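Coordinates from coords.pdb are shown below (PDB, C-alpha atoms, pLDDT in the B column).
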```pdb
ATOM      1  CA  MET N   1     -16.107 -78.356  20.642  1.00 94.00           C
ATOM      2  CA  THR N   2     -13.142 -76.074  21.212  1.00 97.00           C
ATOM      3  CA  THR N   3     -13.043 -73.250  23.749  1.00 97.00           C
ATOM      4  CA  SER N   4     -10.572 -70.361  23.625  1.00 96.00           C
ATOM      5  CA  ASN N   5     -10.637 -66.559  23.851  1.00 96.00           C
ATOM      6  CA  ASN N   6     -14.112 -66.582  25.454  1.00 95.00           C
ATOM      7  CA  ARG N   7     -15.500 -68.372  22.398  1.00 97.00           C
ATOM      8  CA  THR N   8     -16.697 -71.926  21.880  1.00 97.00           C
ATOM      9  CA  SER N   9     -16.996 -73.654  18.519  1.00 97.00           C
ATOM     10  CA  GLU N  10     -19.681 -76.221  17.703  1.00 97.00           C
ATOM     11  CA  PHE N  11     -17.107 -78.624  16.259  1.00 97.00           C
ATOM     12  CA  PRO N  12     -13.501 -79.435  17.242  1.00 97.00           C
ATOM     13  CA  ILE N  13     -11.587 -76.757  15.311  1.00 97.00           C
ATOM     14  CA  ASP N  14      -8.083 -75.477  16.039  1.00 97.00           C
ATOM     15  CA  ALA N  15      -8.020 -72.821  18.770  1.00 97.00           C
ATOM     16  CA  PHE N  16      -6.179 -70.477  16.379  1.00 97.00           C
ATOM     17  CA  PHE N  17      -9.481 -69.660  14.676  1.00 97.00           C
ATOM     18  CA  LEU N  18     -11.092 -68.669  17.978  1.00 97.00           C
ATOM     19  CA  ASP N  19      -8.054 -66.646  19.025  1.00 97.00           C
ATOM     20  CA  ARG N  20      -8.266 -64.621  15.810  1.00 97.00           C
ATOM     21  CA  TRP N  21     -10.359 -61.507  16.284  1.00 97.00           C
ATOM     22  CA  SER N  22     -10.356 -57.864  15.220  1.00 98.00           C
ATOM     23  CA  PRO N  23      -9.300 -55.558  18.056  1.00 97.00           C
ATOM     24  CA  ARG N  24      -9.373 -51.778  17.789  1.00 98.00           C
ATOM     25  CA  ALA N  25      -6.936 -51.005  20.598  1.00 98.00           C
ATOM     26  CA  PHE N  26      -3.465 -50.846  19.082  1.00 98.00           C
ATOM     27  CA  ALA N  27      -0.159 -49.735  20.564  1.00 97.00           C
ATOM     28  CA  LYS N  28       1.332 -46.668  18.872  1.00 96.00           C
ATOM     29  CA  GLU N  29       4.270 -48.719  17.670  1.00 95.00           C
ATOM     30  CA  ALA N  30       5.474 -49.012  14.074  1.00 95.00           C
ATOM     31  CA  ILE N  31       5.948 -52.438  12.571  1.00 98.00           C
ATOM     32  CA  GLU N  32       9.493 -52.898  11.281  1.00 98.00           C
ATOM     33  CA  ARG N  33       9.646 -52.814   7.475  1.00 98.00           C
ATOM     34  CA  ASP N  34      11.181 -56.302   7.216  1.00 98.00           C
ATOM     35  CA  THR N  35       8.461 -57.661   9.506  1.00 98.00           C
ATOM     36  CA  MET N  36       5.800 -56.044   7.351  1.00 98.00           C
ATOM     37  CA  LEU N  37       7.359 -57.520   4.236  1.00 98.00           C
ATOM     38  CA  THR N  38       7.376 -60.942   5.913  1.00 98.00           C
ATOM     39  CA  ILE N  39       3.634 -60.576   6.533  1.00 98.00           C
ATOM     40  CA  LEU N  40       3.036 -59.527   2.930  1.00 98.00           C
ATOM     41  CA  ASP N  41       5.277 -62.298   1.600  1.00 98.00           C
ATOM     42  CA  ALA N  42       3.098 -64.864   3.376  1.00 98.00           C
ATOM     43  CA  ALA N  43       0.010 -63.275   1.842  1.00 97.00           C
ATOM     44  CA  HIS N  44       1.224 -63.499  -1.700  1.00 95.00           C
ATOM     45  CA  TRP N  45       1.500 -67.289  -1.391  1.00 98.00           C
ATOM     46  CA  ALA N  46      -2.278 -67.504  -1.020  1.00 98.00           C
ATOM     47  CA  PRO N  47      -4.213 -69.658  -3.496  1.00 98.00           C
ATOM     48  CA  SER N  48      -5.694 -68.031  -6.588  1.00 97.00           C
ATOM     49  CA  SER N  49      -7.641 -69.167  -9.611  1.00 96.00           C
ATOM     50  CA  GLY N  50      -5.244 -70.157 -12.378  1.00 94.00           C
ATOM     51  CA  ASN N  51      -2.405 -68.727 -10.265  1.00 95.00           C
ATOM     52  CA  SER N  52      -3.545 -65.278 -11.406  1.00 95.00           C
ATOM     53  CA  GLN N  53      -2.456 -63.630  -8.125  1.00 97.00           C
ATOM     54  CA  PRO N  54      -4.775 -60.621  -8.539  1.00 98.00           C
ATOM     55  CA  TRP N  55      -3.993 -59.127  -5.122  1.00 98.00           C
ATOM     56  CA  ARG N  56      -1.962 -55.976  -4.615  1.00 98.00           C
ATOM     57  CA  PHE N  57      -1.106 -54.409  -1.248  1.00 98.00           C
ATOM     58  CA  VAL N  58      -0.496 -50.714  -0.649  1.00 98.00           C
ATOM     59  CA  TYR N  59       0.895 -50.315   2.861  1.00 98.00           C
ATOM     60  CA  ALA N  60       2.329 -47.654   5.141  1.00 98.00           C
ATOM     61  CA  LEU N  61       4.111 -47.892   8.481  1.00 98.00           C
ATOM     62  CA  HIS N  62       3.146 -45.911  11.577  1.00 98.00           C
ATOM     63  CA  GLY N  63       4.981 -42.591  11.899  1.00 97.00           C
ATOM     64  CA  THR N  64       5.477 -41.999   8.172  1.00 98.00           C
ATOM     65  CA  GLU N  65       3.898 -39.419   5.868  1.00 98.00           C
ATOM     66  CA  ASP N  66       2.354 -42.226   3.850  1.00 98.00           C
ATOM     67  CA  PHE N  67       0.699 -43.589   6.983  1.00 98.00           C
ATOM     68  CA  THR N  68      -0.927 -40.214   7.667  1.00 98.00           C
ATOM     69  CA  ARG N  69      -2.066 -39.991   4.047  1.00 98.00           C
ATOM     70  CA  LEU N  70      -3.590 -43.473   4.076  1.00 98.00           C
ATOM     71  CA  ALA N  71      -5.193 -42.897   7.479  1.00 98.00           C
ATOM     72  CA  ASP N  72      -6.899 -39.827   6.016  1.00 98.00           C
ATOM     73  CA  LEU N  73      -8.739 -42.120   3.599  1.00 98.00           C
ATOM     74  CA  LEU N  74     -10.518 -43.838   6.500  1.00 98.00           C
ATOM     75  CA  VAL N  75     -13.921 -42.672   7.699  1.00 98.00           C
ATOM     76  CA  PRO N  76     -13.618 -40.732  10.972  1.00 98.00           C
ATOM     77  CA  GLY N  77     -15.033 -43.611  13.032  1.00 97.00           C
ATOM     78  CA  ASN N  78     -12.237 -45.905  11.885  1.00 98.00           C
ATOM     79  CA  ARG N  79      -9.492 -43.298  11.760  1.00 98.00           C
ATOM     80  CA  ARG N  80      -9.789 -42.467  15.447  1.00 97.00           C
ATOM     81  CA  TRP N  81      -8.554 -45.917  16.486  1.00 98.00           C
ATOM     82  CA  ALA N  82      -6.712 -47.157  13.373  1.00 98.00           C
ATOM     83  CA  GLN N  83      -4.306 -44.211  13.543  1.00 98.00           C
ATOM     84  CA  ASN N  84      -2.610 -46.041  16.448  1.00 98.00           C
ATOM     85  CA  ALA N  85      -1.883 -49.207  14.445  1.00 98.00           C
ATOM     86  CA  GLY N  86       1.625 -50.255  13.479  1.00 98.00           C
ATOM     87  CA  ALA N  87       0.717 -50.325   9.793  1.00 98.00           C
ATOM     88  CA  LEU N  88      -2.168 -49.743   7.413  1.00 98.00           C
ATOM     89  CA  VAL N  89      -2.770 -51.851   4.334  1.00 98.00           C
ATOM     90  CA  PHE N  90      -5.134 -51.258   1.436  1.00 98.00           C
ATOM     91  CA  PHE N  91      -6.123 -54.355  -0.513  1.00 98.00           C
ATOM     92  CA  VAL N  92      -6.438 -53.950  -4.241  1.00 98.00           C
ATOM     93  CA  SER N  93      -7.437 -56.576  -6.784  1.00 98.00           C
ATOM     94  CA  LYS N  94      -6.807 -56.782 -10.501  1.00 98.00           C
ATOM     95  CA  THR N  95     -10.275 -57.236 -11.977  1.00 98.00           C
ATOM     96  CA  TYR N  96      -9.229 -58.756 -15.297  1.00 97.00           C
ATOM     97  CA  ARG N  97      -7.037 -61.415 -16.847  1.00 93.00           C
ATOM     98  CA  VAL N  98      -5.233 -61.350 -20.145  1.00 90.00           C
ATOM     99  CA  SER N  99      -5.683 -64.477 -22.273  1.00 87.00           C
ATOM    100  CA  LYS N 100      -2.885 -66.100 -24.268  1.00 87.00           C
ATOM    101  CA  ASP N 101      -4.085 -64.229 -27.355  1.00 89.00           C
ATOM    102  CA  GLY N 102      -3.917 -60.891 -25.500  1.00 88.00           C
ATOM    103  CA  GLU N 103      -7.630 -60.457 -24.874  1.00 91.00           C
ATOM    104  CA  ARG N 104      -8.632 -58.819 -21.588  1.00 92.00           C
ATOM    105  CA  ARG N 105     -11.314 -60.806 -19.764  1.00 93.00           C
ATOM    106  CA  GLU N 106     -13.113 -60.377 -16.472  1.00 94.00           C
ATOM    107  CA  GLY N 107     -11.355 -62.084 -13.586  1.00 95.00           C
ATOM    108  CA  TYR N 108     -14.367 -63.618 -11.884  1.00 97.00           C
ATOM    109  CA  THR N 109     -12.619 -64.625  -8.640  1.00 98.00           C
ATOM    110  CA  HIS N 110     -10.392 -61.574  -8.097  1.00 98.00           C
ATOM    111  CA  SER N 111     -12.160 -60.534  -4.885  1.00 98.00           C
ATOM    112  CA  PHE N 112     -12.321 -64.112  -3.598  1.00 98.00           C
ATOM    113  CA  ASP N 113      -8.607 -64.608  -4.215  1.00 98.00           C
ATOM    114  CA  THR N 114      -7.671 -61.299  -2.606  1.00 98.00           C
ATOM    115  CA  GLY N 115      -9.726 -62.341   0.416  1.00 98.00           C
ATOM    116  CA  ALA N 116      -7.575 -65.453   0.685  1.00 98.00           C
ATOM    117  CA  ALA N 117      -4.475 -63.239   0.710  1.00 98.00           C
ATOM    118  CA  TRP N 118      -6.075 -61.098   3.435  1.00 98.00           C
ATOM    119  CA  PHE N 119      -6.558 -64.141   5.639  1.00 98.00           C
ATOM    120  CA  SER N 120      -2.944 -65.126   5.048  1.00 98.00           C
ATOM    121  CA  ILE N 121      -1.935 -61.670   6.316  1.00 98.00           C
ATOM    122  CA  ILE N 122      -3.989 -62.246   9.446  1.00 98.00           C
ATOM    123  CA  CYS N 123      -2.370 -65.638  10.028  1.00 98.00           C
ATOM    124  CA  GLN N 124       1.231 -64.491   9.539  1.00 98.00           C
ATOM    125  CA  ALA N 125       0.644 -61.354  11.623  1.00 98.00           C
ATOM    126  CA  MET N 126      -0.696 -63.471  14.489  1.00 98.00           C
ATOM    127  CA  LYS N 127       2.271 -65.829  14.263  1.00 98.00           C
ATOM    128  CA  LEU N 128       4.460 -62.763  14.868  1.00 98.00           C
ATOM    129  CA  GLY N 129       2.413 -61.454  17.810  1.00 98.00           C
ATOM    130  CA  TYR N 130       0.257 -58.925  15.941  1.00 98.00           C
ATOM    131  CA  HIS N 131      -3.464 -58.628  15.250  1.00 98.00           C
ATOM    132  CA  ALA N 132      -5.307 -57.231  12.247  1.00 98.00           C
ATOM    133  CA  HIS N 133      -8.636 -55.476  11.818  1.00 98.00           C
ATOM    134  CA  GLY N 134     -10.190 -55.187   8.365  1.00 98.00           C
ATOM    135  CA  MET N 135     -12.266 -52.184   7.322  1.00 98.00           C
ATOM    136  CA  GLU N 136     -14.778 -51.298   4.656  1.00 98.00           C
ATOM    137  CA  GLY N 137     -15.142 -47.755   5.996  1.00 98.00           C
ATOM    138  CA  PHE N 138     -12.967 -45.549   3.802  1.00 98.00           C
ATOM    139  CA  ASP N 139     -13.433 -43.105   0.930  1.00 98.00           C
ATOM    140  CA  LYS N 140     -13.389 -45.504  -2.007  1.00 97.00           C
ATOM    141  CA  GLU N 141     -13.319 -42.883  -4.754  1.00 97.00           C
ATOM    142  CA  LYS N 142     -10.554 -40.868  -3.130  1.00 98.00           C
ATOM    143  CA  ALA N 143      -8.576 -44.057  -2.459  1.00 98.00           C
ATOM    144  CA  VAL N 144      -8.299 -44.797  -6.192  1.00 98.00           C
ATOM    145  CA  GLY N 145      -6.405 -41.532  -6.744  1.00 97.00           C
ATOM    146  CA  GLU N 146      -4.399 -41.561  -3.520  1.00 97.00           C
ATOM    147  CA  LEU N 147      -3.225 -45.110  -4.118  1.00 98.00           C
ATOM    148  CA  GLY N 148      -2.420 -44.366  -7.762  1.00 97.00           C
ATOM    149  CA  LEU N 149      -4.517 -47.193  -9.175  1.00 98.00           C
ATOM    150  CA  PRO N 150      -4.625 -47.764 -12.913  1.00 97.00           C
ATOM    151  CA  GLU N 151      -7.808 -48.784 -14.715  1.00 96.00           C
ATOM    152  CA  GLY N 152      -8.841 -52.369 -14.045  1.00 97.00           C
ATOM    153  CA  PHE N 153      -7.950 -52.398 -10.356  1.00 98.00           C
ATOM    154  CA  ARG N 154     -10.440 -52.262  -7.478  1.00 98.00           C
ATOM    155  CA  VAL N 155      -9.895 -51.205  -3.873  1.00 98.00           C
ATOM    156  CA  GLU N 156     -11.387 -54.057  -1.859  1.00 98.00           C
ATOM    157  CA  ALA N 157     -10.761 -53.126   1.774  1.00 98.00           C
ATOM    158  CA  ALA N 158      -8.316 -51.673   4.254  1.00 98.00           C
ATOM    159  CA  ALA N 159      -6.759 -53.115   7.396  1.00 98.00           C
ATOM    160  CA  ALA N 160      -4.946 -51.947  10.496  1.00 98.00           C
ATOM    161  CA  ILE N 161      -2.210 -54.224  11.845  1.00 98.00           C
ATOM    162  CA  GLY N 162      -0.360 -53.869  15.113  1.00 98.00           C
ATOM    163  CA  ARG N 163       0.271 -55.010  18.641  1.00 98.00           C
ATOM    164  CA  MET N 164      -2.756 -54.957  20.881  1.00 97.00           C
ATOM    165  CA  ALA N 165      -3.028 -52.324  23.582  1.00 98.00           C
ATOM    166  CA  ALA N 166      -5.263 -52.211  26.640  1.00 97.00           C
ATOM    167  CA  LYS N 167      -8.869 -51.427  25.799  1.00 96.00           C
ATOM    168  CA  ASP N 168      -8.838 -48.389  28.099  1.00 95.00           C
ATOM    169  CA  THR N 169      -6.644 -46.675  25.469  1.00 96.00           C
ATOM    170  CA  LEU N 170      -9.727 -46.512  23.225  1.00 96.00           C
ATOM    171  CA  PRO N 171     -12.352 -43.768  23.231  1.00 93.00           C
ATOM    172  CA  GLU N 172     -14.869 -44.592  25.949  1.00 94.00           C
ATOM    173  CA  ASP N 173     -17.689 -45.540  23.558  1.00 94.00           C
ATOM    174  CA  LEU N 174     -15.535 -48.256  21.934  1.00 96.00           C
ATOM    175  CA  ARG N 175     -14.279 -49.937  25.091  1.00 96.00           C
ATOM    176  CA  GLU N 176     -17.348 -52.110  25.680  1.00 93.00           C
ATOM    177  CA  ARG N 177     -17.144 -53.347  22.068  1.00 94.00           C
ATOM    178  CA  GLU N 178     -13.505 -54.454  22.495  1.00 96.00           C
ATOM    179  CA  VAL N 179     -14.273 -58.148  22.887  1.00 96.00           C
ATOM    180  CA  PRO N 180     -14.124 -61.066  20.453  1.00 96.00           C
ATOM    181  CA  SER N 181     -17.458 -61.384  18.666  1.00 96.00           C
ATOM    182  CA  GLN N 182     -19.497 -64.561  18.433  1.00 96.00           C
ATOM    183  CA  ARG N 183     -20.755 -66.275  15.262  1.00 96.00           C
ATOM    184  CA  LYS N 184     -24.022 -67.595  13.869  1.00 95.00           C
ATOM    185  CA  PRO N 185     -24.618 -71.337  14.194  1.00 95.00           C
ATOM    186  CA  VAL N 186     -22.965 -73.405  11.448  1.00 96.00           C
ATOM    187  CA  SER N 187     -26.445 -74.552  10.365  1.00 94.00           C
ATOM    188  CA  GLU N 188     -27.254 -70.980   9.296  1.00 94.00           C
ATOM    189  CA  VAL N 189     -24.304 -70.717   6.928  1.00 94.00           C
ATOM    190  CA  ALA N 190     -23.521 -74.254   5.688  1.00 95.00           C
ATOM    191  CA  PHE N 191     -26.037 -76.277   3.654  1.00 95.00           C
ATOM    192  CA  GLU N 192     -25.639 -79.772   2.283  1.00 94.00           C
ATOM    193  CA  GLY N 193     -26.639 -80.079  -1.348  1.00 96.00           C
ATOM    194  CA  ARG N 194     -28.761 -76.931  -1.741  1.00 95.00           C
ATOM    195  CA  PHE N 195     -28.910 -73.371  -0.436  1.00 94.00           C
ATOM    196  CA  ALA N 196     -31.373 -73.171   2.451  1.00 91.00           C
ATOM    197  CA  GLY N 197     -30.537 -69.934   4.222  1.00 78.00           C
ATOM    198  CA  GLU N 198     -32.031 -66.493   4.525  1.00 79.00           C
ATOM    199  CA  GLU N 199     -32.852 -64.697   1.311  1.00 67.00           C
TER     200      GLU N 199
END
```

Mind converting the file's structure to structure tokens?
Amino acid sequence: MTTSNNRTSEFPIDAFFLDRWSPRAFAKEAIERDTMLTILDAAHWAPSSGNSQPWRFVYALHGTEDFTRLADLLVPGNRRWAQNAGALVFFVSKTYRVSKDGERREGYTHSFDTGAAWFSIICQAMKLGYHAHGMEGFDKEKAVGELGLPEGFRVEAAAAIGRMAAKDTLPEDLREREVPSQRKPVSEVAFEGRFAGEE
């Protein structure tokens, strides 16, 4: 077992995985562009099926017009805290591959691969003293137009990245939720040989 960040694992994992969590309290401090590009550079070295690299990142830094525009895509519940982050990122995946003979085919693992890139962003951000919080809550239809996506690309998720602030900077109703969450037992999510979980 490993204990860190008010969490305890069932097996002896690295404390990094317990220290990773998704805060909402962010300092109103822009991430430097070169720092953001370092974070994104790490992400684009993530593994992908056939080295297809289907991920794309649309980002904006705090204090810019683009940041305001991207923040407006978030649902109000997310916007009220994410607007303080140092940067916002929208994750986009290319949903197809082009074969050697030029035929467009479904890219079955595009979301899976883009998720790997997302975790790489989390890891590099933490190495630099930042935290990241992923979000599903945004206007998905509007995002396609605002991000300028061509056909064959899907908006997967959004994320806020920044330096953590004190939880009392959050709206009162969010303060009690500003703690690292726990996880289900490993036995509920990992099965040897055959699926045996909830349907």

Next item on the list: List the residues matched by the PyMOL selection byres ((chain N and resi 2-14) around 12) in the displayed structure as a PyMOL selection string, ordered by chain and then by residue number.
Entry: chain N and resi 1+15-21+179-187

Selected residues written out, C-alpha atoms, as a PDB file, in the coordinates of the input:
```pdb
ATOM      1  CA  MET N   1     -16.107 -78.356  20.642  1.00 94.00           C
ATOM      2  CA  ALA N  15      -8.020 -72.821  18.770  1.00 97.00           C
ATOM      3  CA  PHE N  16      -6.179 -70.477  16.379  1.00 97.00           C
ATOM      4  CA  PHE N  17      -9.481 -69.660  14.676  1.00 97.00           C
ATOM      5  CA  LEU N  18     -11.092 -68.669  17.978  1.00 97.00           C
ATOM      6  CA  ASP N  19      -8.054 -66.646  19.025  1.00 97.00           C
ATOM      7  CA  ARG N  20      -8.266 -64.621  15.810  1.00 97.00           C
ATOM      8  CA  TRP N  21     -10.359 -61.507  16.284  1.00 97.00           C
ATOM      9  CA  VAL N 179     -14.273 -58.148  22.887  1.00 96.00           C
ATOM     10  CA  PRO N 180     -14.124 -61.066  20.453  1.00 96.00           C
ATOM     11  CA  SER N 181     -17.458 -61.384  18.666  1.00 96.00           C
ATOM     12  CA  GLN N 182     -19.497 -64.561  18.433  1.00 96.00           C
ATOM     13  CA  ARG N 183     -20.755 -66.275  15.262  1.00 96.00           C
ATOM     14  CA  LYS N 184     -24.022 -67.595  13.869  1.00 95.00           C
ATOM     15  CA  PRO N 185     -24.618 -71.337  14.194  1.00 95.00           C
ATOM     16  CA  VAL N 186     -22.965 -73.405  11.448  1.00 96.00           C
ATOM     17  CA  SER N 187     -26.445 -74.552  10.365  1.00 94.00           C
TER      18      SER N 187
END
```

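For the choices N:Val89, N:Ala125, N:Ala82, N:Val98, the atom-to-atom distance to Tyr59 (chain N) is smallest for N:Val89 when using all atoms listed in the file.
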
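Considering all atoms listed in the file, the residue among N:Leu70, N:Ala27, N:Phe90, N:Asn78 positioned nearest to Leu40 (chain N) is N:Phe90.
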
Next item on the list: Do a neighbour search on His44 (chain N) at 10 Å with all atoms listed in the file, toss out local chain neighbours closer than 5 positions, and write the hits as an NGL selection string.
Entry: :N and (39 or 53-57 or 114 or 116-118 or 120-121)

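Using only C-alpha atoms, the shortest contact distance between Arg175 (chain N) and any of N:Gly152, N:Gly134, N:Gly197, N:Pro23 is found at N:Pro23.
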
Margin query: I'd like to see the residues matched by the PyMOL selection byres ((chain N and resi 74) around 10) on this file, and ideally I'd get them as a VMD selection string.
Written below: chain N and resid 69 to 73 75 to 80 82 to 83 135 to 140 143 158

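Rounded to one decimal, CA of Tyr130 (chain N) and CA of Glu146 (chain N) lie 26.5 Å from each other.
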
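Taking CA of Ala25 (chain N) and CA of Ala87 (chain N) as the two end points, the separation is 13.3 Å.
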
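The result of the PyMOL selection byres ((chain N and resi 163) around 8) on the shown file is Phe26, Ala27, Glu29, Ala85, Gly86, Gly129, Tyr130, His131, Ile161, Gly162, Met164 and Ala165 of chain N.
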
Note to self: Taking all atoms listed in the file into account, name the residue in N:Glu188, N:Lys100, N:Trp81, N:Ala132 that is nearest to Glu172 (chain N).
What the structure shows: N:Trp81

Note to self: Show me, as a ChimeraX atom specification, the residues that have an atom within 6 Å of Phe153 (chain N) when counting only C-alpha atoms, minus same-chain residues fewer than 6 positions from it.
What the structure shows: /N:93-95

Coordinate excerpt as a PDB file, in the first residue's frame: region 161-170 of chain N, all heavy atoms:
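The resulting file, selection_33.pdb, is reproduced below:
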```
ATOM      1  N   ILE N 161      -5.845  24.097 -16.816  1.00  0.00           N
ATOM      2  CA  ILE N 161      -4.517  23.833 -16.262  1.00  0.00           C
ATOM      3  C   ILE N 161      -4.028  25.099 -15.567  1.00  0.00           C
ATOM      4  O   ILE N 161      -4.200  26.203 -16.091  1.00  0.00           O
ATOM      5  CB  ILE N 161      -3.513  23.450 -17.364  1.00  0.00           C
ATOM      6  CG1 ILE N 161      -4.023  22.244 -18.157  1.00  0.00           C
ATOM      7  CG2 ILE N 161      -2.140  23.154 -16.773  1.00  0.00           C
ATOM      8  CD1 ILE N 161      -3.169  21.899 -19.359  1.00  0.00           C
ATOM      9  N   GLY N 162      -3.450  24.937 -14.399  1.00  0.00           N
ATOM     10  CA  GLY N 162      -2.924  26.108 -13.709  1.00  0.00           C
ATOM     11  C   GLY N 162      -2.332  25.766 -12.365  1.00  0.00           C
ATOM     12  O   GLY N 162      -2.279  24.603 -11.962  1.00  0.00           O
ATOM     13  N   ARG N 163      -1.880  26.800 -11.682  1.00  0.00           N
ATOM     14  CA  ARG N 163      -1.364  26.624 -10.326  1.00  0.00           C
ATOM     15  C   ARG N 163      -2.545  26.621  -9.368  1.00  0.00           C
ATOM     16  O   ARG N 163      -3.491  27.394  -9.515  1.00  0.00           O
ATOM     17  CB  ARG N 163      -0.407  27.745  -9.964  1.00  0.00           C
ATOM     18  CG  ARG N 163       0.851  27.716 -10.809  1.00  0.00           C
ATOM     19  CD  ARG N 163       2.034  28.324 -10.080  1.00  0.00           C
ATOM     20  NE  ARG N 163       3.172  28.467 -10.972  1.00  0.00           N
ATOM     21  CZ  ARG N 163       4.041  27.499 -11.235  1.00  0.00           C
ATOM     22  NH1 ARG N 163       3.902  26.322 -10.670  1.00  0.00           N
ATOM     23  NH2 ARG N 163       5.056  27.711 -12.064  1.00  0.00           N
ATOM     24  N   MET N 164      -2.464  25.745  -8.391  1.00  0.00           N
ATOM     25  CA  MET N 164      -3.551  25.656  -7.416  1.00  0.00           C
ATOM     26  C   MET N 164      -3.603  26.902  -6.541  1.00  0.00           C
ATOM     27  O   MET N 164      -2.583  27.477  -6.204  1.00  0.00           O
ATOM     28  CB  MET N 164      -3.385  24.420  -6.537  1.00  0.00           C
ATOM     29  CG  MET N 164      -3.852  23.163  -7.209  1.00  0.00           C
ATOM     30  SD  MET N 164      -3.760  21.656  -6.201  1.00  0.00           S
ATOM     31  CE  MET N 164      -3.567  22.201  -4.564  1.00  0.00           C
ATOM     32  N   ALA N 165      -4.831  27.269  -6.192  1.00  0.00           N
ATOM     33  CA  ALA N 165      -5.070  28.357  -5.249  1.00  0.00           C
ATOM     34  C   ALA N 165      -5.751  27.773  -4.010  1.00  0.00           C
ATOM     35  O   ALA N 165      -6.162  26.605  -4.005  1.00  0.00           O
ATOM     36  CB  ALA N 165      -5.950  29.423  -5.902  1.00  0.00           C
ATOM     37  N   ALA N 166      -5.880  28.568  -2.988  1.00  0.00           N
ATOM     38  CA  ALA N 166      -6.581  28.119  -1.783  1.00  0.00           C
ATOM     39  C   ALA N 166      -8.045  27.851  -2.106  1.00  0.00           C
ATOM     40  O   ALA N 166      -8.646  28.540  -2.932  1.00  0.00           O
ATOM     41  CB  ALA N 166      -6.471  29.191  -0.698  1.00  0.00           C
ATOM     42  N   LYS N 167      -8.614  26.847  -1.443  1.00  0.00           N
ATOM     43  CA  LYS N 167      -9.993  26.480  -1.774  1.00  0.00           C
ATOM     44  C   LYS N 167     -10.994  27.565  -1.392  1.00  0.00           C
ATOM     45  O   LYS N 167     -12.094  27.600  -1.927  1.00  0.00           O
ATOM     46  CB  LYS N 167     -10.369  25.142  -1.160  1.00  0.00           C
ATOM     47  CG  LYS N 167     -10.470  25.090   0.337  1.00  0.00           C
ATOM     48  CD  LYS N 167     -10.873  23.680   0.752  1.00  0.00           C
ATOM     49  CE  LYS N 167     -10.987  23.533   2.252  1.00  0.00           C
ATOM     50  NZ  LYS N 167     -11.388  22.158   2.621  1.00  0.00           N
ATOM     51  N   ASP N 168     -10.615  28.477  -0.492  1.00  0.00           N
ATOM     52  CA  ASP N 168     -11.559  29.544  -0.138  1.00  0.00           C
ATOM     53  C   ASP N 168     -11.693  30.588  -1.252  1.00  0.00           C
ATOM     54  O   ASP N 168     -12.492  31.518  -1.141  1.00  0.00           O
ATOM     55  CB  ASP N 168     -11.212  30.195   1.203  1.00  0.00           C
ATOM     56  CG  ASP N 168      -9.847  30.873   1.217  1.00  0.00           C
ATOM     57  OD1 ASP N 168      -9.207  30.981   0.157  1.00  0.00           O
ATOM     58  OD2 ASP N 168      -9.427  31.307   2.307  1.00  0.00           O
ATOM     59  N   THR N 169     -10.947  30.436  -2.346  1.00  0.00           N
ATOM     60  CA  THR N 169     -11.139  31.307  -3.511  1.00  0.00           C
ATOM     61  C   THR N 169     -12.296  30.825  -4.387  1.00  0.00           C
ATOM     62  O   THR N 169     -12.708  31.526  -5.311  1.00  0.00           O
ATOM     63  CB  THR N 169      -9.851  31.367  -4.373  1.00  0.00           C
ATOM     64  OG1 THR N 169      -9.545  30.055  -4.861  1.00  0.00           O
ATOM     65  CG2 THR N 169      -8.681  31.905  -3.568  1.00  0.00           C
ATOM     66  N   LEU N 170     -12.795  29.628  -4.099  1.00  0.00           N
ATOM     67  CA  LEU N 170     -13.910  29.057  -4.861  1.00  0.00           C
ATOM     68  C   LEU N 170     -15.247  29.562  -4.341  1.00  0.00           C
ATOM     69  O   LEU N 170     -15.348  29.975  -3.179  1.00  0.00           O
ATOM     70  CB  LEU N 170     -13.902  27.530  -4.733  1.00  0.00           C
ATOM     71  CG  LEU N 170     -12.815  26.767  -5.475  1.00  0.00           C
ATOM     72  CD1 LEU N 170     -12.794  25.315  -5.001  1.00  0.00           C
ATOM     73  CD2 LEU N 170     -13.028  26.846  -6.973  1.00  0.00           C
TER      74      LEU N 170
END
```
